[in-house]
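The file final_5.pdb contains PDB, C-alpha atoms and all ligand atoms:
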```
MODEL        1
ATOM      1  CA  MET A 516      -0.325  -2.186  12.458  1.00  0.00           C
ATOM      2  CA  LEU A 517      -3.408  -3.407  10.617  1.00  0.00           C
ATOM      3  CA  LEU A 518      -6.856  -2.063  11.440  1.00  0.00           C
ATOM      4  CA  PHE A 519      -9.880  -4.301  11.983  1.00  0.00           C
ATOM      5  CA  LEU A 520     -13.381  -2.976  12.567  1.00  0.00           C
ATOM      6  CA  ASP A 521     -15.004  -4.010  15.868  1.00  0.00           C
ATOM      7  CA  THR A 522     -18.699  -4.200  15.018  1.00  0.00           C
ATOM      8  CA  ALA A 523     -21.420  -6.486  13.673  1.00  0.00           C
ATOM      9  CA  ASN A 524     -23.261  -3.646  11.969  1.00  0.00           C
ATOM     10  CA  VAL A 525     -23.096  -4.212   8.216  1.00  0.00           C
ATOM     11  CA  ASP A 526     -23.810  -0.568   7.352  1.00  0.00           C
ATOM     12  CA  GLU A 527     -20.816   0.514   9.443  1.00  0.00           C
ATOM     13  CA  ILE A 528     -18.721  -2.244   7.895  1.00  0.00           C
ATOM     14  CA  ARG A 529     -19.669  -1.195   4.352  1.00  0.00           C
ATOM     15  CA  ALA A 530     -18.915   2.471   5.092  1.00  0.00           C
ATOM     16  CA  ALA A 531     -15.608   1.727   6.838  1.00  0.00           C
ATOM     17  CA  TYR A 532     -14.458  -0.809   4.244  1.00  0.00           C
ATOM     18  CA  SER A 533     -15.055   1.709   1.452  1.00  0.00           C
ATOM     19  CA  LEU A 534     -12.306   3.897   2.984  1.00  0.00           C
ATOM     20  CA  GLY A 535      -9.783   1.227   1.990  1.00  0.00           C
ATOM     21  CA  VAL A 536      -8.091   1.012   5.382  1.00  0.00           C
ATOM     22  CA  ILE A 537      -9.849  -1.941   7.039  1.00  0.00           C
ATOM     23  CA  SER A 538      -8.282  -5.419   6.835  1.00  0.00           C
ATOM     24  CA  GLY A 539     -10.735  -7.462   8.900  1.00  0.00           C
ATOM     25  CA  VAL A 540     -13.669  -7.476  11.318  1.00  0.00           C
ATOM     26  CA  THR A 541     -14.183  -8.660  14.878  1.00  0.00           C
ATOM     27  CA  THR A 542     -17.558  -9.367  16.452  1.00  0.00           C
ATOM     28  CA  ASN A 543     -18.646 -10.668  19.826  1.00  0.00           C
ATOM     29  CA  PRO A 544     -21.987 -11.934  21.196  1.00  0.00           C
ATOM     30  CA  SER A 545     -22.879  -8.465  22.579  1.00  0.00           C
ATOM     31  CA  LEU A 546     -22.230  -6.789  19.212  1.00  0.00           C
ATOM     32  CA  ILE A 547     -24.264  -9.474  17.395  1.00  0.00           C
ATOM     33  CA  ALA A 548     -27.124  -9.148  19.921  1.00  0.00           C
ATOM     34  CA  LYS A 549     -27.247  -5.377  19.272  1.00  0.00           C
ATOM     35  CA  GLU A 550     -28.120  -6.116  15.635  1.00  0.00           C
ATOM     36  CA  GLY A 551     -31.063  -8.375  16.572  1.00  0.00           C
ATOM     37  CA  ARG A 552     -30.435 -10.621  13.551  1.00  0.00           C
ATOM     38  CA  ASP A 553     -29.573 -14.260  12.944  1.00  0.00           C
ATOM     39  CA  PHE A 554     -25.903 -14.864  13.816  1.00  0.00           C
ATOM     40  CA  ALA A 555     -24.941 -16.964  10.784  1.00  0.00           C
ATOM     41  CA  GLU A 556     -26.760 -14.568   8.454  1.00  0.00           C
ATOM     42  CA  VAL A 557     -24.836 -11.573   9.846  1.00  0.00           C
ATOM     43  CA  VAL A 558     -21.490 -13.386   9.611  1.00  0.00           C
ATOM     44  CA  ARG A 559     -22.242 -14.446   6.031  1.00  0.00           C
ATOM     45  CA  GLU A 560     -23.127 -10.870   5.072  1.00  0.00           C
ATOM     46  CA  ILE A 561     -19.941  -9.494   6.665  1.00  0.00           C
ATOM     47  CA  ALA A 562     -17.920 -12.085   4.730  1.00  0.00           C
ATOM     48  CA  SER A 563     -19.554 -10.893   1.511  1.00  0.00           C
ATOM     49  CA  ILE A 564     -18.352  -7.320   2.189  1.00  0.00           C
ATOM     50  CA  VAL A 565     -14.880  -7.769   3.680  1.00  0.00           C
ATOM     51  CA  ASP A 566     -12.055  -9.759   2.146  1.00  0.00           C
ATOM     52  CA  GLY A 567     -10.119 -10.482   5.337  1.00  0.00           C
ATOM     53  CA  PRO A 568     -10.307 -12.267   8.689  1.00  0.00           C
ATOM     54  CA  ILE A 569     -13.726 -12.111  10.370  1.00  0.00           C
ATOM     55  CA  SER A 570     -13.905 -13.143  14.024  1.00  0.00           C
ATOM     56  CA  ALA A 571     -17.113 -14.860  15.146  1.00  0.00           C
ATOM     57  CA  GLU A 572     -17.391 -16.027  18.744  1.00  0.00           C
ATOM     58  CA  ALA A 573     -18.379 -19.462  20.068  1.00  0.00           C
ATOM     59  CA  ILE A 574     -20.624 -19.349  23.135  1.00  0.00           C
ATOM     60  CA  SER A 575     -20.190 -22.872  24.542  1.00  0.00           C
ATOM     61  CA  LEU A 576     -18.289 -23.139  27.815  1.00  0.00           C
ATOM     62  CA  ASP A 577     -16.897 -26.651  27.278  1.00  0.00           C
ATOM     63  CA  ALA A 578     -14.161 -27.554  24.799  1.00  0.00           C
ATOM     64  CA  GLU A 579     -16.285 -30.125  22.989  1.00  0.00           C
ATOM     65  CA  GLY A 580     -19.110 -27.620  22.417  1.00  0.00           C
ATOM     66  CA  MET A 581     -16.638 -24.922  21.361  1.00  0.00           C
ATOM     67  CA  LEU A 582     -15.030 -27.253  18.832  1.00  0.00           C
ATOM     68  CA  LYS A 583     -18.433 -28.200  17.397  1.00  0.00           C
ATOM     69  CA  GLU A 584     -19.324 -24.503  17.020  1.00  0.00           C
ATOM     70  CA  ALA A 585     -15.879 -23.777  15.576  1.00  0.00           C
ATOM     71  CA  VAL A 586     -16.328 -26.400  12.851  1.00  0.00           C
ATOM     72  CA  GLU A 587     -19.774 -24.963  11.983  1.00  0.00           C
ATOM     73  CA  LEU A 588     -18.534 -21.348  11.959  1.00  0.00           C
ATOM     74  CA  ALA A 589     -15.450 -22.167   9.906  1.00  0.00           C
ATOM     75  CA  ALA A 590     -17.719 -23.848   7.331  1.00  0.00           C
ATOM     76  CA  ILE A 591     -19.545 -20.539   6.718  1.00  0.00           C
ATOM     77  CA  HIS A 592     -16.569 -18.923   4.942  1.00  0.00           C
ATOM     78  CA  THR A 593     -12.824 -19.449   4.585  1.00  0.00           C
ATOM     79  CA  ASN A 594     -12.162 -16.058   6.228  1.00  0.00           C
ATOM     80  CA  ILE A 595     -13.890 -16.964   9.497  1.00  0.00           C
ATOM     81  CA  VAL A 596     -11.745 -16.892  12.619  1.00  0.00           C
ATOM     82  CA  VAL A 597     -13.317 -18.558  15.648  1.00  0.00           C
ATOM     83  CA  LYS A 598     -13.200 -16.521  18.826  1.00  0.00           C
ATOM     84  CA  LEU A 599     -12.738 -18.641  21.920  1.00  0.00           C
ATOM     85  CA  PRO A 600     -12.657 -17.500  25.544  1.00  0.00           C
ATOM     86  CA  MET A 601      -9.435 -17.494  27.572  1.00  0.00           C
ATOM     87  CA  THR A 602     -10.374 -20.379  29.884  1.00  0.00           C
ATOM     88  CA  PRO A 603      -8.868 -23.870  30.363  1.00  0.00           C
ATOM     89  CA  GLU A 604     -11.676 -25.238  28.138  1.00  0.00           C
ATOM     90  CA  GLY A 605     -10.989 -22.476  25.636  1.00  0.00           C
ATOM     91  CA  LEU A 606      -7.328 -23.482  25.506  1.00  0.00           C
ATOM     92  CA  LYS A 607      -8.253 -27.118  24.822  1.00  0.00           C
ATOM     93  CA  ALA A 608     -10.566 -26.004  22.026  1.00  0.00           C
ATOM     94  CA  THR A 609      -7.864 -23.678  20.650  1.00  0.00           C
ATOM     95  CA  LYS A 610      -5.420 -26.571  20.463  1.00  0.00           C
ATOM     96  CA  ALA A 611      -8.000 -28.808  18.783  1.00  0.00           C
ATOM     97  CA  CYS A 612      -8.840 -26.068  16.256  1.00  0.00           C
ATOM     98  CA  SER A 613      -5.187 -25.441  15.426  1.00  0.00           C
ATOM     99  CA  GLN A 614      -4.708 -29.171  14.791  1.00  0.00           C
ATOM    100  CA  ARG A 615      -7.651 -29.046  12.370  1.00  0.00           C
ATOM    101  CA  GLY A 616      -6.445 -25.881  10.615  1.00  0.00           C
ATOM    102  CA  ILE A 617      -9.245 -23.707  12.033  1.00  0.00           C
ATOM    103  CA  LYS A 618      -8.061 -20.168  12.798  1.00  0.00           C
ATOM    104  CA  THR A 619      -8.724 -18.889  16.325  1.00  0.00           C
ATOM    105  CA  ASN A 620      -8.825 -15.596  18.198  1.00  0.00           C
ATOM    106  CA  VAL A 621      -8.501 -16.139  21.943  1.00  0.00           C
ATOM    107  CA  THR A 622     -10.508 -13.381  23.557  1.00  0.00           C
ATOM    108  CA  LEU A 623     -10.976 -11.799  26.982  1.00  0.00           C
ATOM    109  CA  ILE A 624      -7.214 -11.654  27.590  1.00  0.00           C
ATOM    110  CA  PHE A 625      -6.310  -9.498  30.581  1.00  0.00           C
ATOM    111  CA  SER A 626      -2.787 -10.706  31.470  1.00  0.00           C
ATOM    112  CA  ALA A 627       0.434 -11.540  29.646  1.00  0.00           C
ATOM    113  CA  ASN A 628       0.384 -15.071  31.074  1.00  0.00           C
ATOM    114  CA  GLN A 629      -3.031 -15.640  29.499  1.00  0.00           C
ATOM    115  CA  ALA A 630      -1.642 -14.434  26.150  1.00  0.00           C
ATOM    116  CA  LEU A 631       1.360 -16.783  26.445  1.00  0.00           C
ATOM    117  CA  LEU A 632      -0.904 -19.749  27.204  1.00  0.00           C
ATOM    118  CA  ALA A 633      -3.154 -18.944  24.238  1.00  0.00           C
ATOM    119  CA  ALA A 634      -0.141 -18.654  21.935  1.00  0.00           C
ATOM    120  CA  ARG A 635       1.232 -21.979  23.182  1.00  0.00           C
ATOM    121  CA  ALA A 636      -2.161 -23.572  22.485  1.00  0.00           C
ATOM    122  CA  GLY A 637      -1.759 -22.491  18.866  1.00  0.00           C
ATOM    123  CA  ALA A 638      -3.986 -19.394  18.744  1.00  0.00           C
ATOM    124  CA  THR A 639      -3.822 -17.478  15.474  1.00  0.00           C
ATOM    125  CA  TYR A 640      -4.667 -14.255  17.350  1.00  0.00           C
ATOM    126  CA  VAL A 641      -4.947 -13.100  20.953  1.00  0.00           C
ATOM    127  CA  SER A 642      -7.196 -10.212  21.955  1.00  0.00           C
ATOM    128  CA  PRO A 643      -6.048  -8.288  25.034  1.00  0.00           C
ATOM    129  CA  PHE A 644      -8.814  -5.882  26.138  1.00  0.00           C
ATOM    130  CA  VAL A 645      -7.155  -2.498  26.649  1.00  0.00           C
ATOM    131  CA  GLY A 646     -10.215  -0.382  27.481  1.00  0.00           C
ATOM    132  CA  ARG A 647     -11.724  -2.787  29.995  1.00  0.00           C
ATOM    133  CA  LEU A 648      -8.406  -2.866  31.891  1.00  0.00           C
ATOM    134  CA  ASP A 649      -8.253   0.948  31.903  1.00  0.00           C
ATOM    135  CA  ASP A 650     -11.851   0.966  33.161  1.00  0.00           C
ATOM    136  CA  ILE A 651     -10.759  -0.776  36.368  1.00  0.00           C
ATOM    137  CA  GLY A 652      -7.698   1.436  36.842  1.00  0.00           C
ATOM    138  CA  HIS A 653      -5.150  -0.938  35.279  1.00  0.00           C
ATOM    139  CA  ASP A 654      -2.738  -0.180  32.435  1.00  0.00           C
ATOM    140  CA  GLY A 655      -4.278  -1.588  29.243  1.00  0.00           C
ATOM    141  CA  ILE A 656      -1.542  -0.362  26.904  1.00  0.00           C
ATOM    142  CA  GLY A 657       1.100  -1.617  29.353  1.00  0.00           C
ATOM    143  CA  LEU A 658      -0.309  -5.100  28.740  1.00  0.00           C
ATOM    144  CA  ILE A 659       0.197  -4.712  24.983  1.00  0.00           C
ATOM    145  CA  TYR A 660       3.868  -3.801  25.564  1.00  0.00           C
ATOM    146  CA  GLU A 661       4.305  -6.897  27.781  1.00  0.00           C
ATOM    147  CA  ILE A 662       2.736  -9.293  25.271  1.00  0.00           C
ATOM    148  CA  VAL A 663       4.735  -7.824  22.352  1.00  0.00           C
ATOM    149  CA  GLU A 664       7.964  -8.290  24.342  1.00  0.00           C
ATOM    150  CA  ILE A 665       7.166 -11.888  25.312  1.00  0.00           C
ATOM    151  CA  PHE A 666       6.050 -12.940  21.820  1.00  0.00           C
ATOM    152  CA  ASP A 667       9.207 -11.324  20.379  1.00  0.00           C
ATOM    153  CA  ASN A 668      11.456 -13.071  22.936  1.00  0.00           C
ATOM    154  CA  TYR A 669      10.246 -16.479  21.803  1.00  0.00           C
ATOM    155  CA  ASP A 670       9.403 -15.812  18.132  1.00  0.00           C
ATOM    156  CA  LEU A 671       5.759 -16.718  18.686  1.00  0.00           C
ATOM    157  CA  ASP A 672       3.675 -16.461  15.516  1.00  0.00           C
ATOM    158  CA  THR A 673       0.423 -15.543  17.265  1.00  0.00           C
ATOM    159  CA  GLN A 674      -0.768 -12.078  16.233  1.00  0.00           C
ATOM    160  CA  ILE A 675      -1.732  -9.526  18.867  1.00  0.00           C
ATOM    161  CA  ILE A 676      -5.062  -7.752  18.346  1.00  0.00           C
ATOM    162  CA  SER A 677      -5.334  -4.719  20.602  1.00  0.00           C
ATOM    163  CA  ALA A 678      -9.045  -4.792  21.501  1.00  0.00           C
ATOM    164  CA  SER A 679     -11.573  -2.860  23.560  1.00  0.00           C
ATOM    165  CA  ILE A 680     -10.304   0.351  21.982  1.00  0.00           C
ATOM    166  CA  ARG A 681     -12.179   3.363  23.311  1.00  0.00           C
ATOM    167  CA  HIS A 682     -10.566   6.349  21.567  1.00  0.00           C
ATOM    168  CA  PRO A 683      -7.936   7.342  18.960  1.00  0.00           C
ATOM    169  CA  LEU A 684      -5.189   7.565  21.597  1.00  0.00           C
ATOM    170  CA  HIS A 685      -5.637   3.842  22.310  1.00  0.00           C
ATOM    171  CA  ALA A 686      -5.104   3.136  18.586  1.00  0.00           C
ATOM    172  CA  LEU A 687      -1.986   5.314  18.477  1.00  0.00           C
ATOM    173  CA  GLN A 688      -0.560   3.766  21.655  1.00  0.00           C
ATOM    174  CA  SER A 689      -1.288   0.251  20.353  1.00  0.00           C
ATOM    175  CA  ALA A 690       0.695   1.020  17.193  1.00  0.00           C
ATOM    176  CA  LYS A 691       3.606   2.413  19.233  1.00  0.00           C
ATOM    177  CA  ALA A 692       3.535  -0.672  21.473  1.00  0.00           C
ATOM    178  CA  GLY A 693       3.855  -2.932  18.425  1.00  0.00           C
ATOM    179  CA  ALA A 694       0.411  -4.583  18.308  1.00  0.00           C
ATOM    180  CA  HIS A 695       0.001  -6.346  14.953  1.00  0.00           C
ATOM    181  CA  ILE A 696      -3.624  -5.220  14.729  1.00  0.00           C
ATOM    182  CA  ALA A 697      -6.018  -2.877  16.520  1.00  0.00           C
ATOM    183  CA  THR A 698      -9.705  -3.630  16.289  1.00  0.00           C
ATOM    184  CA  ILE A 699     -11.605  -0.383  16.533  1.00  0.00           C
ATOM    185  CA  PRO A 700     -15.239   0.739  16.704  1.00  0.00           C
ATOM    186  CA  TYR A 701     -16.530   2.686  13.679  1.00  0.00           C
ATOM    187  CA  LYS A 702     -16.851   5.860  15.777  1.00  0.00           C
ATOM    188  CA  VAL A 703     -13.149   5.710  16.695  1.00  0.00           C
ATOM    189  CA  LEU A 704     -12.201   5.121  13.045  1.00  0.00           C
ATOM    190  CA  LEU A 705     -14.031   8.319  12.069  1.00  0.00           C
ATOM    191  CA  GLN A 706     -12.398  10.213  14.960  1.00  0.00           C
ATOM    192  CA  MET A 707      -8.998   9.055  13.665  1.00  0.00           C
ATOM    193  CA  THR A 708      -9.645  10.737  10.299  1.00  0.00           C
ATOM    194  CA  LYS A 709     -10.179  14.113  11.967  1.00  0.00           C
ATOM    195  CA  HIS A 710      -7.923  17.012  12.846  1.00  0.00           C
ATOM    196  CA  PRO A 711      -9.178  20.601  13.300  1.00  0.00           C
ATOM    197  CA  LEU A 712      -6.245  21.945  11.255  1.00  0.00           C
ATOM    198  CA  THR A 713      -7.261  19.706   8.332  1.00  0.00           C
ATOM    199  CA  ASP A 714     -10.775  21.207   8.323  1.00  0.00           C
ATOM    200  CA  LYS A 715      -9.398  24.725   8.812  1.00  0.00           C
ATOM    201  CA  GLY A 716      -6.897  24.166   5.990  1.00  0.00           C
ATOM    202  CA  ILE A 717      -9.605  23.014   3.557  1.00  0.00           C
ATOM    203  CA  ASP A 718     -11.768  26.048   4.444  1.00  0.00           C
ATOM    204  CA  ALA A 719      -8.819  28.402   3.833  1.00  0.00           C
ATOM    205  CA  PHE A 720      -7.858  26.748   0.510  1.00  0.00           C
ATOM    206  CA  LEU A 721     -11.461  26.922  -0.736  1.00  0.00           C
ATOM    207  CA  ALA A 722     -11.848  30.542   0.360  1.00  0.00           C
ATOM    208  CA  ASP A 723      -8.618  31.505  -1.459  1.00  0.00           C
ATOM    209  CA  TRP A 724      -9.665  29.540  -4.554  1.00  0.00           C
ATOM    210  CA  ALA A 725     -13.024  31.338  -4.592  1.00  0.00           C
ATOM    211  CA  THR A 726     -11.242  34.720  -4.932  1.00  0.00           C
ATOM    212  CA  LEU A 727      -9.998  33.570  -8.368  1.00  0.00           C
ATOM    213  CA  GLN A 728     -13.516  33.056  -9.639  1.00  0.00           C
ATOM    214  CA  LYS A 729     -14.511  36.725  -9.107  1.00  0.00           C
TER
HETATM  215  C1  LIG A 801     -12.789  -7.498  20.665  1.00  0.00           C
HETATM  216  O1  LIG A 801     -12.653  -8.436  19.944  1.00  0.00           O
HETATM  217  C2  LIG A 801     -13.983  -7.218  21.455  1.00  0.00           C
HETATM  218  O2  LIG A 801     -15.097  -7.542  20.671  1.00  0.00           O
HETATM  219  C3  LIG A 801     -14.128  -5.759  21.796  1.00  0.00           C
HETATM  220  O3  LIG A 801     -12.982  -5.028  21.437  1.00  0.00           O
HETATM  221  C4  LIG A 801     -14.594  -5.503  23.194  1.00  0.00           C
HETATM  222  O4  LIG A 801     -14.693  -4.122  23.388  1.00  0.00           O
HETATM  223  P1  LIG A 801     -15.524  -3.465  24.574  1.00  0.00           P
HETATM  224  O5  LIG A 801     -14.720  -3.585  25.832  1.00  0.00           O
HETATM  225  O6  LIG A 801     -15.697  -2.039  24.161  1.00  0.00           O
HETATM  226  O7  LIG A 801     -16.828  -4.210  24.674  1.00  0.00           O
ENDMDL
END
```

Could the structure of this file be written out as structure tokens, please?
Amino acid sequence: MLLFLDTANVDEIRAAYSLGVISGVTTNPSLIAKEGRDFAEVVREIASIVDGPISAEAISLDAEGMLKEAVELAAIHTNIVVKLPMTPEGLKATKACSQRGIKTNVTLIFSANQALLAARAGATYVSPFVGRLDDIGHDGIGLIYEIVEIFDNYDLDTQIISASIRHPLHALQSAKAGAHIATIPYKVLLQMTKHPLTDKGIDAFLADWATLQK
């Protein structure tokens, strides 16, 4: 499973990318708004840091508007993936993008049927939102298992991005379920590096080493 970073904060992206474990970035309008900066400028800066797919979301609600935005976003950098919402208009735009060779990430997926439709429309990626399903008492990781099974049954090329990841267990469960990618917040990435026995082990090794210096 590849790891993408789910943020529009360039400092977090720089720090995470320097660890050598991040293969791409996903953003959404809420994450961009948090930065309070020009959208295209942020996307351009992310593309200058990360050599991998960078999802940037269209905000139009009609297919024609989405396609226009998609063409503009794709022109920013070859690594741009256009995020489109899982709606009938979003599906039309996804199809149109795939016919033009523009990569897409169909977002706000909450059911396996939605994922199947997006794949059939030619989506490069689908983003099922694990955490938001858990938030309403549904089984977010169960959805990842369902989509993996369906895509495997029919050899669909669309890649599954496990999204709305809230904690390291979601990342682990996504990997076990067979998601191709998990997109994770910076905080969760740092949590994944940690184990109390690692810290305790380093302390013990250093303490033992220090006895040699006396
Ligand atoms: C994914 O592409 C989305 O941007 C993101 O994972 C949504 O996460 P949230 O539910 O924490 O907002």

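In this comparison, which uses only C-alpha atoms, the residue of A:Ala531, A:Lys709, A:Ala722, A:Tyr660 approaching A:Ala690 most closely is A:Tyr660.
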
Quiz item: Neighbours of stretch 612-617 of chain A within 10 Å (all atoms listed in the file; same-chain residues fewer than 4 positions away dropped), as an MDAnalysis selection string?
Solution: chainID A and resid 581:583 585:586 588:590 593 595:597 606:608 636:639

Practice problem: Find the residues near A:Met516: any atom within 10 Å, counting all atoms listed in the file, skip ones fewer than 4 places away on the same chain, and give them as a list of chain:residue names. | Solution: A:Ile675, A:Ile676, A:Ser677, A:Ala686, A:Leu687, A:Ser689, A:Ala690, A:Lys691, A:Ala692, A:Gly693, A:Ala694, A:His695, A:Ile696, A:Ala697

Grab me every residue within 10 Å of ligand LIG 801 (chain A), counting all atoms listed in the file, and send it over as a PDB file with C-alpha atoms, in the coordinates of the input.
```pdb
ATOM      1  CA  PHE A 519      -9.880  -4.301  11.983  1.00  0.00           C
ATOM      2  CA  LEU A 520     -13.381  -2.976  12.567  1.00  0.00           C
ATOM      3  CA  ASP A 521     -15.004  -4.010  15.868  1.00  0.00           C
ATOM      4  CA  THR A 522     -18.699  -4.200  15.018  1.00  0.00           C
ATOM      5  CA  ALA A 523     -21.420  -6.486  13.673  1.00  0.00           C
ATOM      6  CA  VAL A 540     -13.669  -7.476  11.318  1.00  0.00           C
ATOM      7  CA  THR A 541     -14.183  -8.660  14.878  1.00  0.00           C
ATOM      8  CA  THR A 542     -17.558  -9.367  16.452  1.00  0.00           C
ATOM      9  CA  ASN A 543     -18.646 -10.668  19.826  1.00  0.00           C
ATOM     10  CA  PRO A 544     -21.987 -11.934  21.196  1.00  0.00           C
ATOM     11  CA  SER A 545     -22.879  -8.465  22.579  1.00  0.00           C
ATOM     12  CA  LEU A 546     -22.230  -6.789  19.212  1.00  0.00           C
ATOM     13  CA  ILE A 547     -24.264  -9.474  17.395  1.00  0.00           C
ATOM     14  CA  SER A 570     -13.905 -13.143  14.024  1.00  0.00           C
ATOM     15  CA  ALA A 571     -17.113 -14.860  15.146  1.00  0.00           C
ATOM     16  CA  GLU A 572     -17.391 -16.027  18.744  1.00  0.00           C
ATOM     17  CA  LYS A 598     -13.200 -16.521  18.826  1.00  0.00           C
ATOM     18  CA  ASN A 620      -8.825 -15.596  18.198  1.00  0.00           C
ATOM     19  CA  VAL A 621      -8.501 -16.139  21.943  1.00  0.00           C
ATOM     20  CA  THR A 622     -10.508 -13.381  23.557  1.00  0.00           C
ATOM     21  CA  LEU A 623     -10.976 -11.799  26.982  1.00  0.00           C
ATOM     22  CA  ILE A 624      -7.214 -11.654  27.590  1.00  0.00           C
ATOM     23  CA  VAL A 641      -4.947 -13.100  20.953  1.00  0.00           C
ATOM     24  CA  SER A 642      -7.196 -10.212  21.955  1.00  0.00           C
ATOM     25  CA  PRO A 643      -6.048  -8.288  25.034  1.00  0.00           C
ATOM     26  CA  PHE A 644      -8.814  -5.882  26.138  1.00  0.00           C
ATOM     27  CA  VAL A 645      -7.155  -2.498  26.649  1.00  0.00           C
ATOM     28  CA  GLY A 646     -10.215  -0.382  27.481  1.00  0.00           C
ATOM     29  CA  ARG A 647     -11.724  -2.787  29.995  1.00  0.00           C
ATOM     30  CA  LEU A 648      -8.406  -2.866  31.891  1.00  0.00           C
ATOM     31  CA  ASP A 649      -8.253   0.948  31.903  1.00  0.00           C
ATOM     32  CA  ASP A 650     -11.851   0.966  33.161  1.00  0.00           C
ATOM     33  CA  ILE A 676      -5.062  -7.752  18.346  1.00  0.00           C
ATOM     34  CA  SER A 677      -5.334  -4.719  20.602  1.00  0.00           C
ATOM     35  CA  ALA A 678      -9.045  -4.792  21.501  1.00  0.00           C
ATOM     36  CA  SER A 679     -11.573  -2.860  23.560  1.00  0.00           C
ATOM     37  CA  ILE A 680     -10.304   0.351  21.982  1.00  0.00           C
ATOM     38  CA  ARG A 681     -12.179   3.363  23.311  1.00  0.00           C
ATOM     39  CA  ALA A 697      -6.018  -2.877  16.520  1.00  0.00           C
ATOM     40  CA  THR A 698      -9.705  -3.630  16.289  1.00  0.00           C
ATOM     41  CA  ILE A 699     -11.605  -0.383  16.533  1.00  0.00           C
ATOM     42  CA  PRO A 700     -15.239   0.739  16.704  1.00  0.00           C
TER      43      PRO A 700
END
```

Self-check item: Closest of A:Ile651, A:Ala530, A:Met601, A:Leu658 to A:Ala633 - atom-to-atom distances counting all atoms listed in the file
Solution: A:Met601

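Across the structure, atom CA of A:Glu587 and atom CA of A:Pro568 are spaced 16.2 Å apart.
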
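Atom CA of A:Asp526 lies 13.2 Å from atom CA of A:Ala562.
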
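A straight line drawn from atom CA of A:Arg559 to atom CA of A:Ile591 is 6.7 Å long.
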
Practice problem: Starting from the displayed file, determine the output of the PyMOL selection byres (((chain A and resi 532) around 12) and not hetatm) and express the residue list as a PyMOL selection string. | Solution: chain A and resi 518-520+525-531+533-540+561-567+701+704

Practice problem: Identify which of the residues A:Thr602, A:Gln728, A:Gln688, A:Thr619 lies closest to A:Thr673, counting only C-alpha atoms when measuring atom-to-atom distances. | Solution: A:Thr619

Box dimensions and centre (Å, one decimal) enclosing stretch 632-651 of chain A, axis-aligned, 4 Å extra per side, as JSON:
```
{"center_x": -5.3, "center_y": -11.3, "center_z": 25.9, "size_x": 21.1, "size_y": 32.5, "size_z": 28.9}
```

Quiz item: For A:Leu631, which residue out of A:Val703, A:Val557, A:Leu517, A:Ile662 is the nearest one, using only C-alpha atoms?
Solution: A:Ile662
